[in-house]
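Visitor: Before anything else, here's the structure in question.
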Amino acid sequence: MYYRFPTTRPRRLRSSRIIRNMVSETSLSPSNLVWPLFIKDEGPIEQINSMPGQYRYPIGDELIKAVDDAVESGVRAFLLFGVTKHKDAVGSLAYDKKGPVPMALKMLKDTFGDSIILMTDVCLCDYTEHGHCGVVEFKDPPELQYAKQPKYVVDNDATIGIYAKIAVNYAEAGADVVAPSGMMDGQVKAIREALDNNGFSDVVIMSYSSKYASTFYGPFREAADSAPKFGDRRSYQMDPRNAYEAIKEVAMDLEEGADIVMVKPAMPYLDVIRLVKQNFPEVPLAAYQVSGEYSMIKAAALNGWLNEKMAVLESLIAIRRAGANVIITYYAKDASRWITEIENNF
Ligand code: PBG
């Protein structure tokens with residue numbers, strides 16, 4: 001009985017901030033957070049409509065200033081996405097040395113050196129004219145291609161070779177971490193081999209291992225102009241009804257050489273975060289608080305319906321409590337500032 005009822009008054013341990021802090025199970029630090037940044041290939045800086053407070057940055061001073069401000073707040077890790085006007089069938093700007101992400105990597109490494117780490121999303125959807133995360137093979141005759149509902153498949157094996165080229169391109173430009181997000185089978189193995197063969201055995205792979213086919217990516221797709229022009233991503237991203245399948249996806253990525261695994265989105269999938277952490281406690285686990293999660297809190301805050309700071313900190317604590325070591329969040333910069341006040345708030 002002792003085990004079930006250690007005390008008759010749990011409230012004793014809630015009576016002051018000091019004692020609550022002393023017995024708290026979960027911590028949150030700026031060093032856990034990663035800030036995603038959108039890098040444009042042309043045109044001026046723009047605020048993202050569906051994500052107030054987040055911007056698309058051209059290569060230049062505004063990007064340096066944004067990173068500098070974040071560093072000032074305590075953020076040390078950034079995840080870069082390319083946003084391109086110039087798209088084609090195979091996303092060739094992704095493996096171009098002059099693409100937006102390699103250019104940003106070089107500039108930020110020159111400016112900030114080893115005081116930050118730079119991560120890069122490895123995928124095709126920002127760079128392909130059809131918006132899919134891989135190479136599309138059409139099953140219709142040519143005159144029907146790009147019809148509203150064409151018959152097509154996303155070609156797994158043709159795609160992972162391109163991911164490998166993209167990863168090497170980013171590593172050459174200075175990426176510390178590459179993060180394949182396309183949910184193609186075998187992508188981690190293809191990337192690890194290519195990195196090792198090109199002298200980048202120190203580059204870390206953070207794999208989007210259990211990435212769900214989620215509506216919560218909506219604002220991101222506006223931000224990155226990456227919505228599929230036809231069909232959806234259900235043939236490669238995970239089915240939201242499945243939790244245990246995440247164990248299989250994570251196990252396969254580890255087998256292939258992933259260093260960090262990820263669950264995405266975060267808040268609607270806290271059960272999956274917990275499940276992965278319990279099954280692989282020794283593996284660093286990231287969770288991605290995605291664009292739709294950001295926009296929901298932001299919209300409520302802008303309407304005066306939620307206390308933004310407290311909602312953000314509570315959501316991040318919840319993701320850490322579920323078992324994430326690393327959190328990728330558009331709130332990284334603000335949260336880092338707010339965390340320093342957290343002791344006074346919980
Ligand atoms: C690219 C990618 C996506 C996100 C991260 N990498 C979009 C998608 O799969 O459609 C979503 C991030 C977010 O919503 O914040 N494959």
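We label chains A, B, ... in the order they appear in the structure tokens, count residues from 1 in each chain, and number ligands from 1 in the order shown.
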Find the nearest atom pair between each residue of chain A and ligand 1 for residues within 6 Å, count only C-alpha atoms and all ligand atoms, give distances in Å to one decimal, sort rows by chain and ascending number, and present the table as a Markdown table.
Guide:
| residue | atom | partner | partner_atom_place_in_ligand_line | distance |
| --- | --- | --- | --- | --- |
| A:Cys123 | CA | ligand 1 | 16 (N) | 5.5 |
| A:Cys125 | CA | ligand 1 | 16 (N) | 5.9 |
| A:Cys133 | CA | ligand 1 | 16 (N) | 5.8 |
| A:Ser181 | CA | ligand 1 | 16 (N) | 5.0 |
| A:Gly182 | CA | ligand 1 | 16 (N) | 5.1 |
| A:Tyr217 | CA | ligand 1 | 14 (O) | 3.4 |
| A:Phe220 | CA | ligand 1 | 14 (O) | 4.4 |
| A:Val290 | CA | ligand 1 | 15 (O) | 3.5 |
| A:Ser291 | CA | ligand 1 | 15 (O) | 3.6 |
Visitor: Please provide as a list in words all residues within 10 Å of A:Val154, with the sequence filter that same-chain residues fewer than 6 positions apart are discarded (counting only C-alpha atoms).
Guide: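 Non-adjacent residues within range: His132, Cys133, Gly134, Val135, Val136, Glu137, Phe138, Met184, Arg233, Ser235 and Tyr236 of chain A.
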Visitor: Which residue is closest to A:Phe38? Choose from A:Thr111, A:Thr120, A:Asn198, A:Ser92 and count only C-alpha atoms.
Guide: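 Once distances to A:Phe38 are computed over only C-alpha atoms, the minimum belongs to A:Thr120.
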Visitor: What lies within 6 Å of stretch 264-279 of chain A using only C-alpha atoms, ignoring chain neighbours under 2 positions off, as a ChimeraX atom specification?
Guide: /A:211,243,281,287-290,322-323
Visitor: Between A:Ala167, A:Ser226, A:Glu255, A:Tyr244, which residue has the minimum interatomic distance to A:Lys189, considering only C-alpha atoms?
Guide: A:Glu255
Visitor: Can you write out as JSON lines which residues of stretch 136-252 of chain A fall within 7 Å of stretch 292-315 of chain A, alongside each residue's closest atom pair and its distance in Å to one decimal, counting only C-alpha atoms and ordering rows by chain and ascending residue number?
Guide:
{"residue": "A:Phe216", "atom": "CA", "partner": "A:Gly292", "partner_atom": "CA", "distance": 4.3}
{"residue": "A:Tyr217", "atom": "CA", "partner": "A:Gly292", "partner_atom": "CA", "distance": 5.7}
{"residue": "A:Gly218", "atom": "CA", "partner": "A:Gly292", "partner_atom": "CA", "distance": 6.3}
{"residue": "A:Pro219", "atom": "CA", "partner": "A:Gly292", "partner_atom": "CA", "distance": 5.9}
Visitor: Please produce a file of the residues just selected, as a PDB file, in the first residue's frame, where the atoms kept are all heavy atoms.
Guide:
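Saved result, result_4.pdb, follows:
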ATOM      1  N   PHE A 216      -1.389  19.408 -39.875  1.00  0.00           N
ATOM      2  CA  PHE A 216      -0.712  20.477 -39.139  1.00  0.00           C
ATOM      3  C   PHE A 216       0.512  21.032 -39.868  1.00  0.00           C
ATOM      4  O   PHE A 216       1.157  21.936 -39.368  1.00  0.00           O
ATOM      5  CB  PHE A 216      -0.355  20.001 -37.728  1.00  0.00           C
ATOM      6  CG  PHE A 216      -1.564  19.792 -36.863  1.00  0.00           C
ATOM      7  CD1 PHE A 216      -2.118  18.528 -36.703  1.00  0.00           C
ATOM      8  CD2 PHE A 216      -2.190  20.863 -36.245  1.00  0.00           C
ATOM      9  CE1 PHE A 216      -3.251  18.329 -35.924  1.00  0.00           C
ATOM     10  CE2 PHE A 216      -3.323  20.683 -35.471  1.00  0.00           C
ATOM     11  CZ  PHE A 216      -3.857  19.414 -35.302  1.00  0.00           C
ATOM     12  N   TYR A 217       0.864  20.468 -41.033  1.00  0.00           N
ATOM     13  CA  TYR A 217       1.951  21.048 -41.833  1.00  0.00           C
ATOM     14  C   TYR A 217       1.446  22.161 -42.759  1.00  0.00           C
ATOM     15  O   TYR A 217       2.227  22.726 -43.519  1.00  0.00           O
ATOM     16  CB  TYR A 217       2.645  19.991 -42.712  1.00  0.00           C
ATOM     17  CG  TYR A 217       3.117  18.743 -42.007  1.00  0.00           C
ATOM     18  CD1 TYR A 217       3.160  17.516 -42.673  1.00  0.00           C
ATOM     19  CD2 TYR A 217       3.524  18.782 -40.678  1.00  0.00           C
ATOM     20  CE1 TYR A 217       3.588  16.367 -42.032  1.00  0.00           C
ATOM     21  CE2 TYR A 217       3.947  17.633 -40.037  1.00  0.00           C
ATOM     22  CZ  TYR A 217       3.980  16.420 -40.711  1.00  0.00           C
ATOM     23  OH  TYR A 217       4.389  15.283 -40.093  1.00  0.00           O
ATOM     24  N   GLY A 218       0.148  22.444 -42.702  1.00  0.00           N
ATOM     25  CA  GLY A 218      -0.439  23.405 -43.649  1.00  0.00           C
ATOM     26  C   GLY A 218       0.306  24.723 -43.744  1.00  0.00           C
ATOM     27  O   GLY A 218       0.705  25.147 -44.848  1.00  0.00           O
ATOM     28  N   PRO A 219       0.535  25.435 -42.632  1.00  0.00           N
ATOM     29  CA  PRO A 219       1.226  26.727 -42.727  1.00  0.00           C
ATOM     30  C   PRO A 219       2.644  26.603 -43.283  1.00  0.00           C
ATOM     31  O   PRO A 219       3.105  27.470 -44.031  1.00  0.00           O
ATOM     32  CB  PRO A 219       1.249  27.222 -41.274  1.00  0.00           C
ATOM     33  CG  PRO A 219       0.097  26.510 -40.618  1.00  0.00           C
ATOM     34  CD  PRO A 219       0.034  25.157 -41.273  1.00  0.00           C
TER      35      PRO A 219
END
Visitor: Report as a PyMOL selection string: the residues of stretch 21-199 of chain A with a DSSP assignment of alpha helix (DSSP H), based on the backbone of this structure.
Guide: chain A and resi 21-23+61-73+100-112+156-173+187-197
Visitor: Name the residues of stretch 49-205 of chain A that fall into strand (DSSP E or B) according to DSSP on the backbone, using the chain letters and numbers of this document, as JSON, numbers by chain.
Guide: {"A": [55, 56, 57, 58, 77, 78, 79, 80, 81, 82, 83, 88, 117, 118, 119, 120, 121, 122, 128, 135, 136, 137, 138, 152, 153, 154, 155, 177, 178, 179, 180, 204, 205]}
Visitor: Considering only C-alpha atoms, state which residue in the set A:Ser201, A:Ser214, A:Gln237, A:Gln47 is at the smallest distance from A:Glu172.
Guide: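 Residue with the minimum atom-to-atom distance to A:Glu172: A:Ser201.
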Visitor: With distances taken over only C-alpha atoms, which residue among A:Ser16, A:Arg192, A:Leu28, A:Lys148 lies nearest A:Ile317?
Guide: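 Ranking A:Ser16, A:Arg192, A:Leu28, A:Lys148 by distance to A:Ile317, first place goes to A:Leu28.
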Visitor: Tell me, as a PyMOL selection string, which residues lie within 10 Å of A:Ala104, counting only C-alpha atoms; anything in the same chain fewer than 5 positions away does not count.
Guide: chain A and resi 39-41+57-60+63-64+80-82+98-99+109-110+118+173-174
Visitor: Write a file of the just-selected residues containing C-alpha atoms, as a PDB file, in the first residue's frame.
Guide:
ATOM      1  CA  ILE A  39      15.878  30.707 -46.839  1.00  0.00           C
ATOM      2  CA  LYS A  40      14.772  32.266 -50.142  1.00  0.00           C
ATOM      3  CA  ASP A  41      16.614  32.068 -53.423  1.00  0.00           C
ATOM      4  CA  TYR A  57      14.978  35.318 -45.369  1.00  0.00           C
ATOM      5  CA  PRO A  58      17.052  36.072 -48.444  1.00  0.00           C
ATOM      6  CA  ILE A  59      20.794  35.471 -48.130  1.00  0.00           C
ATOM      7  CA  GLY A  60      22.008  38.640 -46.428  1.00  0.00           C
ATOM      8  CA  LEU A  63      19.349  36.448 -41.851  1.00  0.00           C
ATOM      9  CA  ILE A  64      22.523  37.212 -39.924  1.00  0.00           C
ATOM     10  CA  LEU A  80      17.431  25.418 -42.618  1.00  0.00           C
ATOM     11  CA  PHE A  81      14.810  25.005 -45.341  1.00  0.00           C
ATOM     12  CA  GLY A  82      15.132  26.306 -48.896  1.00  0.00           C
ATOM     13  CA  LYS A  98      24.465  27.805 -55.456  1.00  0.00           C
ATOM     14  CA  GLY A  99      21.094  26.797 -53.977  1.00  0.00           C
ATOM     15  CA  LYS A 109      29.453  29.422 -40.831  1.00  0.00           C
ATOM     16  CA  ASP A 110      31.676  32.341 -41.887  1.00  0.00           C
ATOM     17  CA  LEU A 118      23.508  24.175 -38.532  1.00  0.00           C
ATOM     18  CA  ALA A 173      28.768  23.750 -47.538  1.00  0.00           C
ATOM     19  CA  GLY A 174      29.192  23.272 -43.773  1.00  0.00           C
TER      20      GLY A 174
END
Visitor: Could you list, as a list in words, every residue within 8 Å of A:Asp253, counting only C-alpha atoms and ignoring same-chain residues fewer than 5 positions away?
Guide: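 Selected residues are Gly186, Val188, Lys189, Ser207, Ser209, Ala258 and Val261 of chain A.
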Visitor: For those residues, write N, CA and C atoms to a file as an mmCIF file, in the first residue's frame.
Guide:
data_model
loop_
_atom_site.group_PDB
_atom_site.id
_atom_site.type_symbol
_atom_site.label_atom_id
_atom_site.label_comp_id
_atom_site.auth_asym_id
_atom_site.auth_seq_id
_atom_site.Cartn_x
_atom_site.Cartn_y
_atom_site.Cartn_z
ATOM 1 N N GLY A 186 14.910 3.424 -46.687
ATOM 2 C CA GLY A 186 16.339 3.314 -47.020
ATOM 3 C C GLY A 186 17.049 4.652 -47.153
ATOM 4 N N VAL A 188 18.115 6.783 -44.892
ATOM 5 C CA VAL A 188 19.223 7.011 -43.952
ATOM 6 C C VAL A 188 20.470 6.256 -44.412
ATOM 7 N N LYS A 189 20.280 5.011 -44.841
ATOM 8 C CA LYS A 189 21.420 4.213 -45.300
ATOM 9 C C LYS A 189 22.085 4.876 -46.508
ATOM 10 N N SER A 207 17.121 11.771 -38.288
ATOM 11 C CA SER A 207 16.120 11.284 -39.224
ATOM 12 C C SER A 207 14.706 11.590 -38.743
ATOM 13 N N SER A 209 12.077 10.052 -38.409
ATOM 14 C CA SER A 209 11.752 8.621 -38.495
ATOM 15 C C SER A 209 10.256 8.370 -38.538
ATOM 16 N N ALA A 258 21.021 6.124 -38.245
ATOM 17 C CA ALA A 258 20.563 7.426 -37.727
ATOM 18 C C ALA A 258 21.178 7.686 -36.347
ATOM 19 N N VAL A 261 16.708 10.359 -33.757
ATOM 20 C CA VAL A 261 15.447 10.044 -34.450
ATOM 21 C C VAL A 261 14.411 11.098 -34.061
#
